[in-house]
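Peer 1: Before I ask anything, let me first share the structure, which is written out below as structure tokens.
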Amino acid sequence: MQLREVASDARLPKAVDVVVIGGGIVGASAAWHLAKRGLSVALCEKGVIGGEQSGRNWGWCRNTLRHPAEIPLMQQSMRDWRDLAVFGALDTGFRTSGILYSSGRNRNDEASYDAWLASVARYGLDSRMVTAAEVAGLVPGGAGAAVGGLYTASDGGAEPDRATAVIAEAARNLGASLHAECAVRSLELQGGELSGVVTEQGRIECRAVLLAAGVWSRLFAGNLGIDLPQLKVMGSVMRTHPLPGGPDVSVAGRRFGWRKRRDGGYTVSQADATIFDIVPDSFRLLSDFRPAFATGLRSLRLRIGRRFVEEARLARRWQADEITPFEQVRIADPEPAERVLQEAVRAISAAYPVFAGMRIAGQWGGLIDVMPDALPVIGPVLSIPGLFMATGFSGHGFGIGPGAGRLAAELIHGDAPCVDPEAFRLERFRRAQSGSPRAYGTSG
Ligand SMILES: Cc1cc2nc3c(=O)[nH]c(=O)nc-3n(C[C@H](O)[C@H](O)[C@H](O)COP(=O)(O)OP(=O)(O)OC[C@H]3O[C@@H](n4cnc5c(N)ncnc54)[C@H](O)[C@@H]3O)c2cc1C
């Protein structure tokens with residue numbers, strides 16, 4: 001990972017309309033849309049802009065195999081990725097390449113692709129089943145074992161090492177201020193209404209806050225008395241040096257996945273091999289995630305080790321004048337799983353021999369925030385007027401990030417939303433409905 005760096009603004013503003021917590025693709029996109037609507041915005045990031053999930057992902061932007069409830073927002077997001085007027089002629093690296101999920105990745109995937117196609121038929125996507133012969137045409141160079149699959153020509157990808165940074169910079173051009181190494185510790189409430197935030201660099205008065213804190217959202221919300229059912233899994237990724245003659249279409253195959261990068265190299269990984277570290281929250285949230293575990297266990301690799309102790313040691317409650325976990329862990333930077341990457345190298349080289357000559361330029365791990373139904377939360381927190389959330393993108397939030405930021409900004413500003421936000425309500429989770437709001441460093 002070689003992230004594009006974003007300079008911070010020199011001074012923290014005293015007061016703004018909206019504070020955005022989290023400089024990932026969702027927070028940056030929301031900041032842009034808020035600033036575009038004439039609101040004053042401060043974007044606070046505890047580490048560096050794009051330093052966690054948004055800079056560590058594969059860069060796929062896809063409708064393929066999304067939950068039907070997400071499709072309208074993803075279609076909006078695709079329009080936003082493509083529309084130079086949205087982020088102001090930016091260079092996010094977005095391009096349409098096509099994405100193929102090949103058959104034979106898992107048992108029964110042809111049947112599940114068919115079922116998914118039927119479930120999204122009303123949205124008019126260009127996704128379709130393709131034959132082995134079509135796959136050989138779309139992705140030349142296979143080792144003769146081409147099988148069919150599910151293909152969407154309009155899917156594509158952007159460059160995670162720069163997209164979030166350029167969107168944040170565009171938000172600044174519209175008047176937003178950007179603050180890295182500026183963890184938000186808590187909210188201030190007055191008479192039950194939100195009145196500001198306390199950051200490690202000082203207070204900011206505001207009337208609305210967007211919590212777009214990725215894998216840290218549960219911890220932040222928990223300190224406010226909101227029980228957000230969110231867990232983490234870990235993905236492992238590598239990138240290659242430029243590889244002449246490689247295919248353009250992004251592919252998820254059996255034990256491998258790739259995307260051609262703008263620099264001519266490839267981002268390579270495995271689509272169905274995330275590590276699930278057992279941590280104290282795994283037990284606290286077991287009942288919420290039991291159905292997801294039952295269906296998704298195939299792709300999870302359970303592990304118990306250091307992360308259990310690390311998470312057990314993190315404070316779950318603090319006051320606004322105390323150092324918080326957000327300052328203790330500036331950037332979550334887990335070790336990638338070597339075995340997962342080696343399996344991917346073997347599988348990709350066997351299936352597409354051009355990759356046998358790849359040279360690895362770097363590898364990394366990334367924690368992913370997951371929700372029990374794999375859908376994000378985007379919308380107001382009813383128990384704290386003025387607080388909004390956009391979190392829990394469950395491993396596919398990069399592609400939908402621009403749309404999610406737009407939707408969050410519309411809800412904060414009180415505009416008609418671009419899509420029906422009902423499926424993304426926080427209150428769909430029973431445990432998140434209870435609890436009385438708590439804020440620190442507050443009067444009244
Ligand atoms: C290995 C991997 C592969 C993936 N592949 C894809 C893919 O191909 N396509 C796709 O669509 N998605 C993919 N994803 C998922 C995608 O990256 C995420 O869903 C998306 O980036 C989430 O964006 P975000 O802005 O919500 O969160 P993040 O990018 O995690 O940003 C949240 C930010 O909030 C900051 N923060 C947290 N707490 C505080 C605080 N108290 N104060 C200030 N700042 C705070 C964090 O430091 C962080 O930078 C992948 C993820 C990983 C890890």
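Letters A, B, ... go to the chains of the structure tokens in the order shown; residues in each chain start at 1; ligands are counted from 1 in the same order.
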Which residues are near ligand 1 in this structure, taking near to mean any atom at most 7 Å from a ligand atom and counting only C-alpha atoms and all ligand atoms? Format them as a PDB file with C-alpha atoms, in the first residue's frame.
Peer 2:
ATOM      1  CA  ILE A  21     -15.901  11.012  12.162  1.00  0.00           C
ATOM      2  CA  GLY A  22     -13.732   8.856   9.919  1.00  0.00           C
ATOM      3  CA  GLY A  23     -11.701   9.611   6.809  1.00  0.00           C
ATOM      4  CA  GLY A  24     -12.582   6.514   4.798  1.00  0.00           C
ATOM      5  CA  ILE A  25     -14.364   6.543   1.432  1.00  0.00           C
ATOM      6  CA  VAL A  26     -17.761   6.941   3.113  1.00  0.00           C
ATOM      7  CA  GLY A  27     -16.766   9.834   5.392  1.00  0.00           C
ATOM      8  CA  CYS A  44     -11.747  14.102  11.640  1.00  0.00           C
ATOM      9  CA  GLU A  45      -9.594  11.015  11.089  1.00  0.00           C
ATOM     10  CA  LYS A  46      -7.709   9.329  13.916  1.00  0.00           C
ATOM     11  CA  GLY A  47      -4.912   8.115  11.617  1.00  0.00           C
ATOM     12  CA  VAL A  48      -4.460   9.017   7.961  1.00  0.00           C
ATOM     13  CA  ILE A  49      -7.103   9.570   5.288  1.00  0.00           C
ATOM     14  CA  GLY A  50      -7.838   6.217   3.641  1.00  0.00           C
ATOM     15  CA  GLY A  51      -5.490   4.395   6.040  1.00  0.00           C
ATOM     16  CA  GLU A  52      -7.858   1.577   7.013  1.00  0.00           C
ATOM     17  CA  GLN A  53     -10.351  -0.383   4.887  1.00  0.00           C
ATOM     18  CA  SER A  54     -10.700   2.226   2.159  1.00  0.00           C
ATOM     19  CA  GLY A  55      -6.999   2.087   1.296  1.00  0.00           C
ATOM     20  CA  ARG A  56      -6.598  -1.666   1.780  1.00  0.00           C
ATOM     21  CA  ASN A  57      -9.333  -3.198  -0.327  1.00  0.00           C
ATOM     22  CA  TRP A  58      -9.278  -4.841  -3.744  1.00  0.00           C
ATOM     23  CA  GLY A  59     -10.828  -1.834  -5.457  1.00  0.00           C
ATOM     24  CA  TRP A  60     -13.781  -3.688  -6.949  1.00  0.00           C
ATOM     25  CA  CYS A  61     -16.893  -1.608  -7.682  1.00  0.00           C
ATOM     26  CA  ARG A  62     -19.629  -4.073  -8.452  1.00  0.00           C
ATOM     27  CA  CYS A 182      -7.433  13.818  15.221  1.00  0.00           C
ATOM     28  CA  ALA A 183      -9.441  11.148  17.006  1.00  0.00           C
ATOM     29  CA  VAL A 184     -12.935  12.093  18.093  1.00  0.00           C
ATOM     30  CA  ARG A 185     -13.325  10.908  21.675  1.00  0.00           C
ATOM     31  CA  ALA A 212     -18.387   6.772   9.593  1.00  0.00           C
ATOM     32  CA  ALA A 213     -15.741   5.066  11.687  1.00  0.00           C
ATOM     33  CA  GLY A 214     -15.534   1.663   9.977  1.00  0.00           C
ATOM     34  CA  VAL A 215     -14.453  -1.119  12.327  1.00  0.00           C
ATOM     35  CA  TRP A 216     -14.341   1.357  15.245  1.00  0.00           C
ATOM     36  CA  SER A 217     -17.989   2.337  15.047  1.00  0.00           C
ATOM     37  CA  PHE A 220     -17.512   4.595  19.647  1.00  0.00           C
ATOM     38  CA  MET A 234      -9.655  -9.882   8.260  1.00  0.00           C
ATOM     39  CA  GLY A 235      -8.766  -9.979   4.577  1.00  0.00           C
ATOM     40  CA  SER A 236      -5.278 -10.490   3.122  1.00  0.00           C
ATOM     41  CA  VAL A 237      -4.131  -8.863  -0.106  1.00  0.00           C
ATOM     42  CA  PHE A 326      -8.738   5.531  18.814  1.00  0.00           C
ATOM     43  CA  ARG A 330      -3.953   5.038  15.013  1.00  0.00           C
ATOM     44  CA  ILE A 331      -4.151   2.669  12.063  1.00  0.00           C
ATOM     45  CA  GLY A 365      -4.050  -7.205   5.896  1.00  0.00           C
ATOM     46  CA  GLY A 366      -7.231  -5.242   6.473  1.00  0.00           C
ATOM     47  CA  LEU A 367      -9.947  -5.475   9.121  1.00  0.00           C
ATOM     48  CA  ILE A 368     -13.469  -5.448   7.691  1.00  0.00           C
ATOM     49  CA  ALA A 390     -22.844   5.273   7.923  1.00  0.00           C
ATOM     50  CA  THR A 391     -21.046   2.086   8.819  1.00  0.00           C
ATOM     51  CA  GLY A 392     -21.020  -1.707   8.595  1.00  0.00           C
ATOM     52  CA  PHE A 393     -20.384  -2.064   4.873  1.00  0.00           C
ATOM     53  CA  SER A 394     -19.579  -5.750   5.361  1.00  0.00           C
ATOM     54  CA  GLY A 395     -16.707  -6.124   2.911  1.00  0.00           C
ATOM     55  CA  HIS A 396     -18.203  -4.290  -0.051  1.00  0.00           C
ATOM     56  CA  GLY A 397     -18.289  -0.631   0.959  1.00  0.00           C
ATOM     57  CA  PHE A 398     -15.626   0.735  -1.353  1.00  0.00           C
ATOM     58  CA  GLY A 399     -17.730   0.465  -4.486  1.00  0.00           C
ATOM     59  CA  ILE A 400     -20.858   1.768  -2.779  1.00  0.00           C
ATOM     60  CA  GLY A 401     -18.936   4.386  -0.757  1.00  0.00           C
TER      61      GLY A 401
END
Peer 1: Counting only C-alpha atoms, which residues of range 137-246 of chain A sit at most 8 Å from some atom of range 78-93 of chain A, and what is each one's closest atom pair with its distance in Å to one decimal, listed by chain and rising residue number, as JSON lines?
Peer 2:
{"residue": "A:Gly157", "atom": "CA", "partner": "A:Gly93", "partner_atom": "CA", "distance": 7.7}
{"residue": "A:Ala158", "atom": "CA", "partner": "A:Gly93", "partner_atom": "CA", "distance": 4.7}
{"residue": "A:Glu159", "atom": "CA", "partner": "A:Gly93", "partner_atom": "CA", "distance": 5.0}
{"residue": "A:Arg162", "atom": "CA", "partner": "A:Thr92", "partner_atom": "CA", "distance": 6.2}
{"residue": "A:Ala163", "atom": "CA", "partner": "A:Thr92", "partner_atom": "CA", "distance": 4.2}
{"residue": "A:Thr164", "atom": "CA", "partner": "A:Thr92", "partner_atom": "CA", "distance": 7.7}
{"residue": "A:Val166", "atom": "CA", "partner": "A:Thr92", "partner_atom": "CA", "distance": 6.6}
{"residue": "A:Ile167", "atom": "CA", "partner": "A:Phe87", "partner_atom": "CA", "distance": 6.3}
{"residue": "A:Ala170", "atom": "CA", "partner": "A:Phe87", "partner_atom": "CA", "distance": 6.4}
Peer 1: Restricting the calculation to only C-alpha atoms: of A:Thr267, A:Arg316, A:Ala404, A:Pro280, which residue gets closest to Pro160 in chain A?
Peer 2: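 Looking only at the distances to Pro160 in chain A, the closest residue turns out to be A:Thr267.
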Peer 1: Range 117-251 of chain A: which residues are alpha helix (DSSP H) by DSSP, as a PyMOL selection string?
Peer 2: chain A and resi 117-119+132-138+163-173+217-223
Peer 1: Keeping only C-alpha atoms, write those residues as a PDB file, in the first residue's frame.
Peer 2:
ATOM      1  CA  LEU A 117     -30.124 -12.957 -11.087  1.00  0.00           C
ATOM      2  CA  ALA A 118     -33.799 -13.678 -10.437  1.00  0.00           C
ATOM      3  CA  SER A 119     -33.753 -11.659  -7.207  1.00  0.00           C
ATOM      4  CA  ALA A 132     -17.019 -21.528 -20.883  1.00  0.00           C
ATOM      5  CA  ALA A 133     -16.404 -20.338 -24.457  1.00  0.00           C
ATOM      6  CA  GLU A 134     -17.432 -16.795 -23.544  1.00  0.00           C
ATOM      7  CA  VAL A 135     -15.143 -16.860 -20.502  1.00  0.00           C
ATOM      8  CA  ALA A 136     -12.236 -17.884 -22.734  1.00  0.00           C
ATOM      9  CA  GLY A 137     -12.973 -14.840 -24.901  1.00  0.00           C
ATOM     10  CA  LEU A 138     -13.396 -12.421 -22.009  1.00  0.00           C
ATOM     11  CA  ALA A 163      -9.608   7.441  -4.340  1.00  0.00           C
ATOM     12  CA  THR A 164     -10.420   8.449  -0.759  1.00  0.00           C
ATOM     13  CA  ALA A 165      -7.640  11.030  -0.681  1.00  0.00           C
ATOM     14  CA  VAL A 166      -8.766  12.764  -3.856  1.00  0.00           C
ATOM     15  CA  ILE A 167     -12.406  12.824  -2.731  1.00  0.00           C
ATOM     16  CA  ALA A 168     -11.349  14.329   0.628  1.00  0.00           C
ATOM     17  CA  GLU A 169      -9.232  16.938  -1.172  1.00  0.00           C
ATOM     18  CA  ALA A 170     -12.199  17.781  -3.388  1.00  0.00           C
ATOM     19  CA  ALA A 171     -14.323  18.241  -0.252  1.00  0.00           C
ATOM     20  CA  ARG A 172     -11.697  20.660   1.011  1.00  0.00           C
ATOM     21  CA  ASN A 173     -11.902  22.587  -2.261  1.00  0.00           C
ATOM     22  CA  SER A 217     -17.989   2.337  15.047  1.00  0.00           C
ATOM     23  CA  ARG A 218     -19.179  -0.261  17.567  1.00  0.00           C
ATOM     24  CA  LEU A 219     -16.665   0.915  20.154  1.00  0.00           C
ATOM     25  CA  PHE A 220     -17.512   4.595  19.647  1.00  0.00           C
ATOM     26  CA  ALA A 221     -21.253   3.933  19.752  1.00  0.00           C
ATOM     27  CA  GLY A 222     -20.881   1.674  22.798  1.00  0.00           C
ATOM     28  CA  ASN A 223     -19.416   4.532  24.806  1.00  0.00           C
TER      29      ASN A 223
END
Peer 1: Extract, using only C-alpha atoms, all DNA, RNA and protein residues at most 7 Å from Ile278 in chain A, discarding same-chain residues fewer than 6 positions from it, and format them as a ChimeraX atom specification.
Peer 2: /A:302-304,308
